[in-house]
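The file model_18.cif contains mmCIF, C-alpha atoms:
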```cif
data_work
#
loop_
_atom_site.label_atom_id
_atom_site.label_comp_id
_atom_site.auth_asym_id
_atom_site.auth_seq_id
_atom_site.Cartn_x
_atom_site.Cartn_y
_atom_site.Cartn_z
CA MET X 1 208.98 100.06 37.80
CA SER X 2 206.34 97.32 37.84
CA PRO X 3 203.66 99.23 39.81
CA LEU X 4 203.83 102.09 37.35
CA CYS X 5 203.47 99.76 34.35
CA VAL X 6 200.37 98.09 35.85
CA ALA X 7 198.64 101.33 36.88
CA ALA X 8 198.86 102.94 33.47
CA PRO X 9 196.74 100.44 31.56
CA VAL X 10 194.16 100.38 34.37
CA ARG X 11 193.68 104.11 34.13
CA VAL X 12 193.43 103.94 30.33
CA PHE X 13 190.95 101.06 30.52
CA ALA X 14 188.79 102.94 33.00
CA CYS X 15 188.71 106.03 30.78
CA THR X 16 187.88 103.97 27.71
CA ASN X 17 185.12 102.20 29.59
CA ARG X 18 183.53 105.48 30.71
CA ASP X 19 183.62 106.82 27.15
CA SER X 20 181.90 103.67 25.89
CA ARG X 21 179.12 104.04 28.43
CA SER X 22 178.67 107.68 27.47
CA ALA X 23 178.54 106.82 23.75
CA ALA X 24 175.92 104.14 24.38
CA LYS X 25 173.51 106.75 25.77
CA PRO X 26 173.28 109.61 23.23
CA LYS X 27 171.24 112.61 24.21
CA PRO X 28 167.79 112.67 22.58
CA THR X 29 167.41 115.28 19.85
CA ALA X 30 164.27 116.88 18.42
CA PRO X 31 163.20 115.63 14.95
CA PRO X 32 164.23 117.99 12.19
CA PRO X 33 161.53 120.12 10.52
CA GLY X 34 159.66 118.37 7.72
CA GLN X 35 159.37 114.96 9.48
CA ILE X 36 156.08 113.30 10.48
CA SER X 37 155.66 115.27 13.71
CA ASP X 38 155.72 118.51 11.70
CA ILE X 39 153.09 117.48 9.11
CA PRO X 40 149.91 118.57 11.00
CA ARG X 41 151.31 122.05 11.59
CA ARG X 42 152.33 122.39 7.94
CA ALA X 43 148.93 121.16 6.73
CA VAL X 44 147.15 123.80 8.79
CA SER X 45 149.51 126.48 7.47
CA VAL X 46 148.88 125.46 3.85
CA ALA X 47 145.10 125.43 4.36
CA LEU X 48 145.19 128.86 5.99
CA ALA X 49 147.37 130.28 3.21
CA THR X 50 144.96 128.91 0.58
CA CYS X 51 141.96 130.52 2.27
CA VAL X 52 143.74 133.86 2.54
CA SER X 53 144.75 133.70 -1.12
CA LEU X 54 141.17 133.06 -2.22
CA VAL X 55 139.94 136.02 -0.19
CA LEU X 56 142.59 138.30 -1.68
CA VAL X 57 141.90 137.16 -5.26
CA THR X 58 138.16 137.62 -4.79
CA SER X 59 138.67 141.10 -3.39
CA ALA X 60 140.98 142.08 -6.24
CA SER X 61 138.67 140.65 -8.93
CA PRO X 62 135.01 141.33 -8.10
CA SER X 63 133.87 139.59 -11.27
CA LEU X 64 135.65 136.34 -10.44
CA PRO X 65 132.89 134.76 -8.30
CA PHE X 66 130.34 135.31 -11.07
CA ALA X 67 132.61 133.66 -13.61
CA LEU X 68 133.28 130.64 -11.36
CA ALA X 69 129.69 130.01 -10.31
CA ILE X 70 126.63 130.91 -12.38
CA PRO X 71 123.73 131.84 -10.08
CA GLN X 72 120.63 129.75 -10.72
CA THR X 73 118.30 132.74 -10.87
CA SER X 74 118.45 136.51 -10.60
CA GLU X 75 116.27 139.39 -9.55
CA CYS X 76 115.24 139.85 -13.18
CA ALA X 77 114.10 136.20 -13.27
CA THR X 78 111.77 136.81 -10.33
CA ASN X 79 110.69 140.32 -11.24
CA SER X 80 110.73 141.38 -14.87
CA CYS X 81 113.40 143.88 -15.89
CA ASP X 82 111.81 144.52 -19.27
CA ASP X 83 112.18 148.07 -20.64
CA LYS X 84 114.53 149.18 -17.86
CA ASP X 85 117.29 151.67 -18.61
CA TYR X 86 120.78 150.72 -17.35
CA SER X 87 122.62 153.04 -19.72
CA GLY X 88 126.04 154.32 -18.63
CA LEU X 89 126.09 152.27 -15.41
CA ASP X 90 128.83 150.09 -13.94
CA LEU X 91 127.06 146.74 -13.67
CA THR X 92 130.08 144.54 -13.00
CA LYS X 93 128.67 143.41 -9.63
CA GLU X 94 125.27 142.52 -11.05
CA TYR X 95 123.96 139.42 -12.82
CA TYR X 96 120.90 138.73 -14.97
CA THR X 97 120.82 134.93 -15.10
CA LYS X 98 117.66 133.64 -16.82
CA GLY X 99 116.07 137.03 -16.40
CA SER X 100 113.51 138.76 -18.57
CA VAL X 101 115.36 141.83 -19.83
CA LYS X 102 113.50 142.50 -23.06
CA ARG X 103 113.94 145.94 -24.66
CA ALA X 104 116.23 147.03 -21.79
CA LYS X 105 118.85 149.67 -22.55
CA PHE X 106 122.52 149.05 -21.71
CA VAL X 107 123.92 151.85 -23.85
CA GLY X 108 127.53 152.53 -22.81
CA SER X 109 127.21 150.28 -19.75
CA ASN X 110 130.07 148.32 -18.19
CA LEU X 111 129.12 144.62 -18.16
CA ALA X 112 132.64 143.18 -18.23
CA GLY X 113 132.61 139.65 -16.81
CA VAL X 114 128.88 139.78 -16.00
CA THR X 115 126.67 136.74 -16.54
CA LEU X 116 123.42 137.13 -18.45
CA PHE X 117 123.24 133.38 -19.00
CA GLY X 118 119.86 132.24 -20.32
CA ALA X 119 118.33 135.73 -20.20
CA ASP X 120 115.73 136.94 -22.68
CA LEU X 121 117.43 139.95 -24.26
CA THR X 122 114.96 140.38 -27.11
CA ASP X 123 115.38 143.87 -28.62
CA ALA X 124 117.75 144.92 -25.82
CA ASP X 125 120.22 147.66 -26.75
CA PHE X 126 123.94 147.18 -25.94
CA THR X 127 125.23 150.01 -28.12
CA GLY X 128 128.77 150.90 -27.01
CA ALA X 129 128.58 148.52 -24.03
CA ASP X 130 131.60 146.72 -22.56
CA LEU X 131 130.75 143.01 -22.69
CA THR X 132 134.31 141.68 -22.48
CA ASN X 133 134.34 138.18 -20.97
CA ALA X 134 130.60 138.42 -20.29
CA ASN X 135 128.46 135.29 -20.37
CA ILE X 136 125.52 135.58 -22.78
CA GLY X 137 125.31 131.86 -23.41
CA GLN X 138 121.82 130.48 -24.18
CA CYS X 139 120.40 134.00 -24.29
CA ASN X 140 117.63 135.01 -26.66
CA LEU X 141 119.33 137.66 -28.78
CA SER X 142 116.49 138.24 -31.24
CA GLY X 143 116.74 141.84 -32.37
CA THR X 144 119.45 142.56 -29.77
CA ILE X 145 121.60 145.52 -30.79
CA PHE X 146 125.39 145.32 -30.40
CA THR X 147 126.43 148.41 -32.34
CA ASN X 148 129.99 149.42 -31.27
CA ALA X 149 129.86 146.92 -28.37
CA ASN X 150 133.05 145.20 -27.23
CA LEU X 151 132.36 141.47 -26.87
CA SER X 152 135.99 140.33 -26.74
CA GLY X 153 136.23 136.98 -24.98
CA ALA X 154 132.49 136.76 -24.34
CA ILE X 155 130.72 133.38 -24.03
CA VAL X 156 127.89 133.01 -26.55
CA SER X 157 127.44 129.23 -26.75
CA GLY X 158 123.84 128.18 -27.28
CA ALA X 159 122.60 131.75 -27.73
CA ASN X 160 119.83 132.37 -30.25
CA MET X 161 121.39 134.76 -32.75
CA ASP X 162 119.28 133.88 -35.79
CA THR X 163 117.80 137.37 -35.96
CA VAL X 164 120.31 139.37 -33.95
CA GLY X 165 120.14 143.14 -34.45
CA ASN X 166 122.80 145.58 -35.65
CA ILE X 167 126.39 144.47 -35.02
CA ASP X 168 128.25 147.20 -36.94
CA GLY X 169 131.35 148.35 -35.07
CA SER X 170 131.23 145.48 -32.59
CA ASP X 171 134.35 143.48 -31.67
CA TRP X 172 134.08 139.66 -31.50
CA THR X 173 137.75 138.91 -30.88
CA ASP X 174 138.32 135.57 -29.10
CA VAL X 175 134.59 134.78 -29.11
CA ILE X 176 133.96 131.12 -29.97
CA VAL X 177 131.05 131.03 -32.39
CA ARG X 178 129.59 128.00 -34.11
CA LYS X 179 130.36 128.04 -37.84
CA ASP X 180 126.74 128.30 -38.99
CA VAL X 181 126.12 131.14 -36.53
CA ASN X 182 129.32 132.88 -37.62
CA ASP X 183 128.23 132.58 -41.24
CA SER X 184 124.89 134.18 -40.43
CA LEU X 185 126.64 137.08 -38.68
CA CYS X 186 128.96 137.58 -41.63
CA ALA X 187 125.93 137.46 -43.95
CA LYS X 188 124.81 140.72 -42.34
CA LYS X 189 127.84 142.35 -43.99
CA PRO X 190 128.95 144.12 -40.80
CA VAL X 191 130.96 147.31 -41.28
CA GLY X 192 132.96 149.66 -39.11
CA GLU X 193 135.59 149.36 -36.39
CA ASN X 194 135.11 149.14 -32.67
CA PRO X 195 135.71 152.61 -31.18
CA VAL X 196 137.55 151.15 -28.16
CA THR X 197 139.72 148.40 -29.64
CA GLY X 198 139.96 149.65 -33.21
CA ASN X 199 139.29 146.14 -34.54
CA PRO X 200 137.10 145.89 -37.65
CA THR X 201 133.92 143.91 -36.99
CA ALA X 202 134.24 141.76 -40.10
CA LEU X 203 137.85 140.92 -39.30
CA SER X 204 137.04 139.97 -35.69
CA LEU X 205 134.47 137.50 -37.08
CA PHE X 206 136.89 136.21 -39.76
CA CYS X 207 134.40 137.12 -42.46
CA ASP X 208 135.68 136.68 -46.03
#
```
Can you turn what I pasted into structure tokens?
Amino acid sequence: MSPLCVAAPVRVFACTNRDSRSAAKPKPTAPPPGQISDIPRRAVSVALATCVSLVLVTSASPSLPFALAIPQTSECATNSCDDKDYSGLDLTKEYYTKGSVKRAKFVGSNLAGVTLFGADLTDADFTGADLTNANIGQCNLSGTIFTNANLSGAIVSGANMDTVGNIDGSDWTDVIVRKDVNDSLCAKKPVGENPVTGNPTALSLFCD
């Protein structure tokens, strides 16, 4: 009986000892995703996704680049565009920054989102033109005609509108206008409704 009693604990001890040695040497495992080793790959993926998104947005919204960055000059700043006729044209891919566009005709033209920043638009005719979200800030609008034009959301800050031309039927919804300039526009007693939006000119300017 004694030999059997002695052998049993030896076998158990040996098994326990082997298990302990195995437990002391765990198999190496790969770090889970999201840890430090994964950061460079994720950073590259995010950068690539951002670039792709910008390309897609730019392609879907042609006017976006012009709204984000105002060109310093334009063709009309180098070569005069005075007296030119752009009537009925889609000009959404054009810009007239600081250009000389006096007496030019934009009757019924699509200028949505276009920048005319700083241009001389003296006596220009925008009758029935789409100027939604256009930038006509710091423009010379002396005698400029906006009859039935849609200027909803346009930028007009710094524009010279002291002697602006006819504005009957134009829509100035969401256009931020300095109070004194707004008063001068209302003093013209504008009448009519915009043929596209149906908004009364006087109401869009909050005239009394």
Problem set entry | Residue neighbourhood X:Leu141, 12 Å, only C-alpha atoms, exclusion window fewer than 5 positions, as JSON, numbers by chain | {"X": [100, 101, 102, 103, 116, 117, 118, 119, 120, 121, 122, 123, 124, 125, 126, 136, 146, 156, 157, 158, 159, 160, 161, 162, 163, 164, 165, 166, 167]}
Tell me, as a short mmCIF file (atom, residue, chain, number, x, y, z; two decimals) with C-alpha atoms, in the frame of the given file, which residues lie within 9 Å of stretch 189-199 of chain X, counting only C-alpha atoms; anything in the same chain fewer than 6 positions away does not count.
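Wrote it out as part_7.cif, contents follow:
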```
data_model
loop_
_atom_site.label_atom_id
_atom_site.label_comp_id
_atom_site.auth_asym_id
_atom_site.auth_seq_id
_atom_site.Cartn_x
_atom_site.Cartn_y
_atom_site.Cartn_z
CA GLY X 128 128.77 150.90 -27.01
CA THR X 147 126.43 148.41 -32.34
CA ASN X 148 129.99 149.42 -31.27
CA ALA X 149 129.86 146.92 -28.37
CA ASN X 150 133.05 145.20 -27.23
CA ASN X 166 122.80 145.58 -35.65
CA ILE X 167 126.39 144.47 -35.02
CA ASP X 168 128.25 147.20 -36.94
CA GLY X 169 131.35 148.35 -35.07
CA SER X 170 131.23 145.48 -32.59
CA ASP X 171 134.35 143.48 -31.67
CA TRP X 172 134.08 139.66 -31.50
CA THR X 173 137.75 138.91 -30.88
CA CYS X 207 134.40 137.12 -42.46
#
```
Exercise. Closest to X:Thr132 among X:Thr73, X:Asp90, X:Tyr95, X:Asp174, using only C-alpha atoms?
Worked result: X:Asp174
Exercise. How far is it from atom CA of X:Gly143 to atom CA of X:Thr78, in Å with one decimal?
Worked result: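 Here the two named atoms are 23.1 Å from each other.
Going from atom CA of X:Asp85 to atom CA of X:Phe106 covers 6.6 Å.
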Exercise. Please, what distance in Å, to one decimal, runs between atom CA of X:Lys84 and atom CA of X:Gly108?
Worked result: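 Going from atom CA of X:Lys84 over to atom CA of X:Gly108, I get 14.3 Å.
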Problem set entry | Contacts of X:Val175 at 9 Å (all atoms listed in the file; same-chain gap of 4+ positions) as number ranges by chain | X: 133, 151-156, 204-205
For this session: Mind checking which residues fall within 9 Å of X:Ser74, counting only C-alpha atoms, ignoring those fewer than 4 positions away in the same chain, and posting them as a list in words?
Result: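 Counting only the stated atoms, we get Thr78, Asn79, Tyr95, Tyr96, Thr97, Lys98 and Gly99 of chain X.
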Problem set entry | Explicit residue set for the PyMOL selection byres ((chain X and resi 111-114) around 8), as a VMD selection string | chain X and resid 63 to 64 66 to 67 90 to 95 109 to 110 115 to 116 129 to 135
Mind giving me the axis-aligned box for stretch 138-145 of chain X with 6 Å on every side, centre plus edges in Å to one decimal, as JSON?
```
{"center_x": 119.2, "center_y": 138.0, "center_z": -28.3, "size_x": 17.3, "size_y": 27.0, "size_z": 20.2}
```
Hey, could you patch up stretch 119-137 of chain X with N, CA, C and O atoms and hand it over as a short mmCIF file (atom, residue, chain, number, x, y, z; two decimals), in the coordinates of the input?
```
data_model
loop_
_atom_site.label_atom_id
_atom_site.label_comp_id
_atom_site.auth_asym_id
_atom_site.auth_seq_id
_atom_site.Cartn_x
_atom_site.Cartn_y
_atom_site.Cartn_z
N ALA X 119 119.28 134.61 -20.28
CA ALA X 119 118.33 135.73 -20.20
C ALA X 119 117.65 135.98 -21.54
O ALA X 119 118.18 135.67 -22.61
N ASP X 120 116.45 136.54 -21.47
CA ASP X 120 115.73 136.94 -22.68
C ASP X 120 116.07 138.40 -22.95
O ASP X 120 115.58 139.30 -22.27
N LEU X 121 116.96 138.60 -23.93
CA LEU X 121 117.43 139.95 -24.26
C LEU X 121 116.83 140.44 -25.58
O LEU X 121 117.42 141.26 -26.28
N THR X 122 115.63 139.98 -25.89
CA THR X 122 114.96 140.38 -27.11
C THR X 122 114.87 141.90 -27.22
O THR X 122 114.38 142.58 -26.30
N ASP X 123 115.41 142.43 -28.33
CA ASP X 123 115.38 143.87 -28.62
C ASP X 123 116.11 144.73 -27.60
O ASP X 123 115.92 145.96 -27.56
N ALA X 124 116.94 144.13 -26.77
CA ALA X 124 117.75 144.92 -25.82
C ALA X 124 118.82 145.69 -26.60
O ALA X 124 119.24 145.27 -27.69
N ASP X 125 119.27 146.80 -26.04
CA ASP X 125 120.22 147.66 -26.75
C ASP X 125 121.54 147.75 -25.97
O ASP X 125 121.59 148.31 -24.87
N PHE X 126 122.61 147.17 -26.56
CA PHE X 126 123.94 147.18 -25.94
C PHE X 126 124.90 148.08 -26.73
O PHE X 126 126.10 147.84 -26.75
N THR X 127 124.38 149.11 -27.33
CA THR X 127 125.23 150.01 -28.12
C THR X 127 126.36 150.58 -27.26
O THR X 127 126.12 151.17 -26.19
N GLY X 128 127.61 150.37 -27.71
CA GLY X 128 128.77 150.90 -27.01
C GLY X 128 129.05 150.27 -25.66
O GLY X 128 129.89 150.78 -24.90
N ALA X 129 128.40 149.16 -25.35
CA ALA X 129 128.58 148.52 -24.03
C ALA X 129 129.87 147.71 -23.99
O ALA X 129 130.36 147.22 -25.00
N ASP X 130 130.42 147.56 -22.78
CA ASP X 130 131.60 146.72 -22.56
C ASP X 130 131.11 145.36 -22.09
O ASP X 130 130.68 145.19 -20.95
N LEU X 131 131.19 144.37 -22.99
CA LEU X 131 130.75 143.01 -22.69
C LEU X 131 131.94 142.04 -22.71
O LEU X 131 131.77 140.84 -22.92
N THR X 132 133.13 142.56 -22.46
CA THR X 132 134.31 141.68 -22.48
C THR X 132 134.18 140.60 -21.41
O THR X 132 133.87 140.88 -20.26
N ASN X 133 134.39 139.36 -21.85
CA ASN X 133 134.34 138.18 -20.97
C ASN X 133 132.98 137.98 -20.30
O ASN X 133 132.87 137.25 -19.31
N ALA X 134 131.95 138.62 -20.84
CA ALA X 134 130.60 138.42 -20.29
C ALA X 134 130.05 137.08 -20.76
O ALA X 134 130.50 136.51 -21.76
N ASN X 135 129.08 136.56 -20.01
CA ASN X 135 128.46 135.29 -20.37
C ASN X 135 127.04 135.55 -20.88
O ASN X 135 126.14 135.86 -20.09
N ILE X 136 126.86 135.44 -22.20
CA ILE X 136 125.52 135.58 -22.78
C ILE X 136 125.12 134.26 -23.44
O ILE X 136 124.34 134.24 -24.39
N GLY X 137 125.65 133.17 -22.90
CA GLY X 137 125.31 131.86 -23.41
C GLY X 137 123.83 131.55 -23.20
O GLY X 137 123.26 131.90 -22.18
#
```
